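Asker: Input file: run_20.cif. Contents: mmCIF, C-alpha atoms.
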data_run
loop_
_atom_site.label_atom_id
_atom_site.label_comp_id
_atom_site.auth_asym_id
_atom_site.auth_seq_id
_atom_site.Cartn_x
_atom_site.Cartn_y
_atom_site.Cartn_z
CA SER A 1 87.98 79.53 179.77
CA GLU A 2 89.18 80.58 176.33
CA GLY A 3 89.56 84.25 177.34
CA THR A 4 91.85 83.28 180.21
CA ASN A 5 93.95 81.11 177.89
CA ILE A 6 94.31 83.96 175.39
CA GLU A 7 95.30 86.41 178.11
CA SER A 8 97.76 83.87 179.59
CA ALA A 9 99.36 83.26 176.19
CA PHE A 10 99.75 87.01 175.65
CA LEU A 11 101.28 87.62 179.10
CA LEU A 12 103.58 84.63 178.73
CA SER A 13 104.75 85.95 175.35
CA LYS A 14 105.61 89.29 177.00
CA ILE A 15 107.63 87.49 179.67
CA TYR A 16 109.42 85.42 177.02
CA THR A 17 110.21 88.54 174.99
CA GLU A 18 110.99 91.17 177.61
CA TYR A 19 112.51 89.22 180.49
CA ASN A 20 113.80 85.87 179.24
CA ALA A 21 114.83 86.66 175.64
CA GLU A 22 113.19 83.39 174.59
CA TYR A 23 112.13 84.76 171.25
CA GLU A 24 111.23 81.48 169.55
CA LEU A 25 108.77 80.57 172.31
CA ALA A 26 107.28 84.07 172.23
CA ASP A 27 107.03 83.90 168.43
CA LYS A 28 104.97 80.68 168.54
CA LEU A 29 102.51 82.17 171.04
CA LEU A 30 102.18 85.55 169.35
CA LEU A 31 101.94 84.19 165.82
CA LYS A 32 98.97 82.08 166.90
CA LEU A 33 97.34 85.11 168.57
CA VAL A 34 97.82 87.50 165.64
CA GLU A 35 96.58 84.90 163.16
CA GLU A 36 93.46 84.38 165.26
CA TYR A 37 92.97 88.11 166.04
CA PRO A 38 94.54 90.03 163.11
CA ASP A 39 93.26 93.45 164.24
CA ASN A 40 94.05 93.20 167.94
CA TYR A 41 96.37 96.14 168.64
CA LEU A 42 97.98 94.73 171.74
CA PHE A 43 98.83 91.39 170.14
CA LEU A 44 100.14 93.10 167.00
CA TYR A 45 102.18 95.64 168.96
CA GLN A 46 103.77 92.95 171.11
CA TYR A 47 104.52 90.95 167.96
CA ALA A 48 106.17 94.01 166.39
CA ILE A 49 108.33 94.46 169.50
CA LEU A 50 109.32 90.79 169.28
CA LYS A 51 110.24 91.21 165.60
CA LEU A 52 112.40 94.23 166.49
CA GLU A 53 114.14 92.15 169.18
CA GLN A 54 114.71 89.42 166.57
CA ARG A 55 116.17 92.09 164.22
CA SER A 56 113.41 91.38 161.68
CA LEU A 57 113.03 95.10 160.99
CA ASP A 58 111.06 94.81 157.75
CA GLU A 59 108.57 92.42 159.33
CA ALA A 60 108.24 94.68 162.38
CA GLU A 61 107.68 97.67 160.13
CA LYS A 62 104.94 95.84 158.21
CA ILE A 63 103.12 95.04 161.48
CA LEU A 64 103.48 98.62 162.75
CA HIS A 65 102.13 100.00 159.47
CA HIS A 66 99.13 97.69 159.88
CA ILE A 67 98.52 99.00 163.42
CA VAL A 68 98.59 102.65 162.36
CA SER A 69 96.41 101.91 159.31
CA ILE A 70 93.65 100.51 161.56
CA ASN A 71 93.88 103.84 163.43
CA SER A 72 91.20 103.08 165.98
CA GLU A 73 90.22 105.41 168.79
CA LYS A 74 90.30 102.47 171.21
CA LEU A 75 94.03 102.36 171.89
CA PRO A 76 95.52 105.71 170.85
CA GLN A 77 98.67 105.22 172.93
CA THR A 78 99.45 101.95 171.14
CA VAL A 79 99.04 103.77 167.81
CA ALA A 80 101.28 106.61 169.07
CA LEU A 81 103.96 104.15 170.21
CA SER A 82 103.73 102.39 166.84
CA HIS A 83 104.53 105.72 165.16
CA PHE A 84 107.47 106.05 167.56
CA LEU A 85 108.83 102.63 166.60
CA LEU A 86 108.35 103.40 162.91
CA ALA A 87 110.25 106.65 163.46
CA GLU A 88 113.05 104.74 165.17
CA ASN A 89 113.24 102.33 162.22
CA SER A 90 113.34 105.20 159.70
CA TYR A 91 116.00 106.95 161.77
CA LYS A 92 118.16 103.79 161.80
CA LYS A 93 117.74 103.51 158.03
CA LYS A 94 118.90 107.15 157.69
CA ASP A 95 115.54 108.14 156.18
CA TYR A 96 115.48 111.37 158.18
CA THR A 97 112.48 112.95 156.46
CA GLU A 98 110.30 109.95 157.27
CA ALA A 99 111.74 109.74 160.79
CA ILE A 100 110.80 113.37 161.46
CA ARG A 101 107.30 112.77 160.08
CA ARG A 102 106.78 109.72 162.31
CA TYR A 103 108.24 111.39 165.41
CA ASP A 104 105.81 114.27 164.81
CA LEU A 105 102.90 111.81 164.60
CA PHE A 106 104.04 110.16 167.83
CA LEU A 107 104.34 113.54 169.55
CA GLU A 108 100.91 114.57 168.25
CA PHE A 109 99.10 111.43 169.40
CA THR A 110 100.90 110.39 172.58
CA ARG A 111 99.02 110.84 175.83
CA SER A 112 102.14 110.58 177.95
CA ILE A 113 105.47 112.39 178.20
CA ASP A 114 107.27 109.02 178.15
CA TYR A 115 109.85 108.90 175.34
CA THR A 116 109.07 112.44 174.16
CA GLY A 117 112.59 113.53 175.13
CA LEU A 118 114.11 110.77 173.02
CA ALA A 119 111.75 111.52 170.14
CA TYR A 120 112.75 115.20 170.13
CA LEU A 121 116.44 114.31 170.44
CA ASN A 122 116.36 111.95 167.46
CA LYS A 123 114.26 114.48 165.56
CA ALA A 124 116.99 117.05 166.28
CA PHE A 125 119.67 114.64 165.03
CA SER A 126 117.61 114.10 161.88
CA HIS A 127 117.43 117.86 161.31
CA LEU A 128 121.19 118.15 161.88
CA MET A 129 121.82 115.44 159.29
CA MET A 130 119.75 117.52 156.86
CA ASN A 131 121.64 120.75 157.76
CA GLU A 132 118.56 122.26 159.40
CA ASN A 133 120.30 123.63 162.46
CA LEU A 134 117.60 126.05 163.58
CA LYS A 135 114.97 123.28 163.62
CA ALA A 136 117.47 121.04 165.41
CA LYS A 137 118.04 123.66 168.12
CA ARG A 138 114.29 123.96 168.69
CA ASP A 139 113.96 120.18 169.06
CA LEU A 140 116.98 120.06 171.37
CA LEU A 141 115.16 122.46 173.72
CA TYR A 142 112.05 120.26 173.70
CA ALA A 143 114.17 117.14 174.27
CA ARG A 144 114.74 118.32 177.85
CA ASN A 145 111.07 117.89 178.75
CA GLY A 146 110.59 114.13 178.58
CA ASN A 147 109.94 111.84 181.55
CA LEU A 148 113.21 112.10 183.47
CA GLU A 149 112.40 108.91 185.38
CA ILE A 150 112.91 106.98 182.14
CA PRO A 151 116.61 106.44 181.31
CA ASP A 152 116.07 107.20 177.58
CA ASP A 153 114.49 110.58 178.34
CA LYS A 154 117.06 111.41 181.01
CA PHE A 155 119.81 110.61 178.48
CA ALA A 156 118.02 112.78 175.88
CA LYS A 157 117.98 115.74 178.28
CA GLU A 158 121.70 115.45 179.07
CA ILE A 159 122.80 114.99 175.45
CA SER A 160 120.47 117.70 174.12
CA GLU A 161 121.96 120.25 176.55
CA GLN A 162 125.52 119.36 175.48
CA ILE A 163 124.73 119.51 171.76
CA PHE A 164 122.65 122.70 172.06
CA ASN A 165 125.57 124.48 173.72
CA SER A 166 127.93 123.38 170.94
CA LEU A 167 125.76 124.68 168.08
#
Can you give me the file's structure in the form of structure tokens?

Answerer:
Amino acid sequence: SEGTNIESAFLLSKIYTEYNAEYELADKLLLKLVEEYPDNYLFLYQYAILKLEQRSLDEAEKILHHIVSINSEKLPQTVALSHFLLAENSYKKKDYTEAIRRYDLFLEFTRSIDYTGLAYLNKAFSHLMMNENLKAKRDLLYARNGNLEIPDDKFAKEISEQIFNSL
């Protein structure tokens, strides 16, 4: 049936992106899905991840902005993670004010502790870059409370403790 084909194409695109690094094949599948279903969060989010993997940061950012603009109640975690990825993009571009704003939105909307340690750590770095040491210290304390089973959050805990003690 058509539903099965759509689901298969989506799952295959995830495999191509996340496990095989076959980005061109994933792009063909996802482009077709997002053109056919322009407001489907999951398809758009996976497409944004693919664009990040392909280093098409502006295109990824455009897709993520579209996801957060739809702002549906249906998939709040996808919206939260989109804010996280937008924060990461802003952070990489050294737009620390926007990064902090997006990390705050992620932290406000997330329904999981996954990646909260990393969000607080990068928020702390952003504050440090803006000479806001007191705010940075606060975020460094929070950075210790992410999901320690995730390498990014475990790393955030270790680094935040080292930096906190040096401030």

Asker: Using only C-alpha atoms, find each residue in range 90-120 of chain A having at least one atom no more than 8 Å away from range 62-76 of chain A; report its shortest atom-to-atom pair and that distance in Å (one decimal), rows by chain then rising number, as CSV.

Answerer:
residue,atom,partner,partner_atom,distance
A:Phe109,CA,A:Pro76,CA,6.9
A:Thr110,CA,A:Pro76,CA,7.3
A:Arg111,CA,A:Pro76,CA,8.0

Asker: Which neighbours of range 82-87 of chain A fall inside 9 Å, counting all atoms listed in the file, when residues of the same chain fewer than 6 positions from it are skipped, and could you give them as a ChimeraX atom specification?

Answerer: /A:45,48-49,60-61,64-65,67-68,96,98-107,109,115,119

Asker: Do a neighbour search on range 126-140 of chain A at 7 Å with all atoms listed in the file, toss out local chain neighbours closer than 4 positions, and write the hits as a list in words.

Answerer: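 Once the nearby chain positions are removed, what remains is Tyr96, Ile100, Tyr120, Leu121, Asn122, Ser160 and Phe164 of chain A.
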
Asker: Could you tell me how far CA of Glu22 in chain A sits from CA of Ser90 in chain A, in Å to one decimal place?

Answerer: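 Distance reported for this atom pair: 26.4 Å.
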
Asker: Check the smallest atom-to-atom distance from each of A:Arg55, A:Lys94, A:Gly117, A:Phe125 to Ala156 in chain A using only C-alpha atoms, then report the winner.

Answerer: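 Of the candidates, the smallest distance to Ala156 in chain A is held by A:Gly117.
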
Asker: Name the residues that the PyMOL selection byres ((chain A and resi 145) around 9) picks from the file above, as number ranges by chain, using the file's chain letters and numbers.

Answerer: A: 113, 116-117, 141-144, 146-148, 153, 157

Asker: If the PyMOL selection byres ((chain A and resi 24-32) around 9) were run on this exact file, what residues would it hold? Put them as a VMD selection string.

Answerer: chain A and resid 9 to 10 12 to 17 21 to 23 33 to 37 43 to 44 46 to 47 50 to 51

Asker: Rounded to one decimal in Å, what is the spacing between CA of Thr97 in chain A and CA of Glu53 in chain A?

Answerer: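 Between CA of Thr97 in chain A and CA of Glu53 in chain A the gap is 24.4 Å.
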
Asker: How far is it from CA of Asp39 in chain A to CA of Val79 in chain A, in Å with one decimal?

Answerer: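 Separation of CA of Asp39 in chain A and CA of Val79 in chain A: 12.4 Å.
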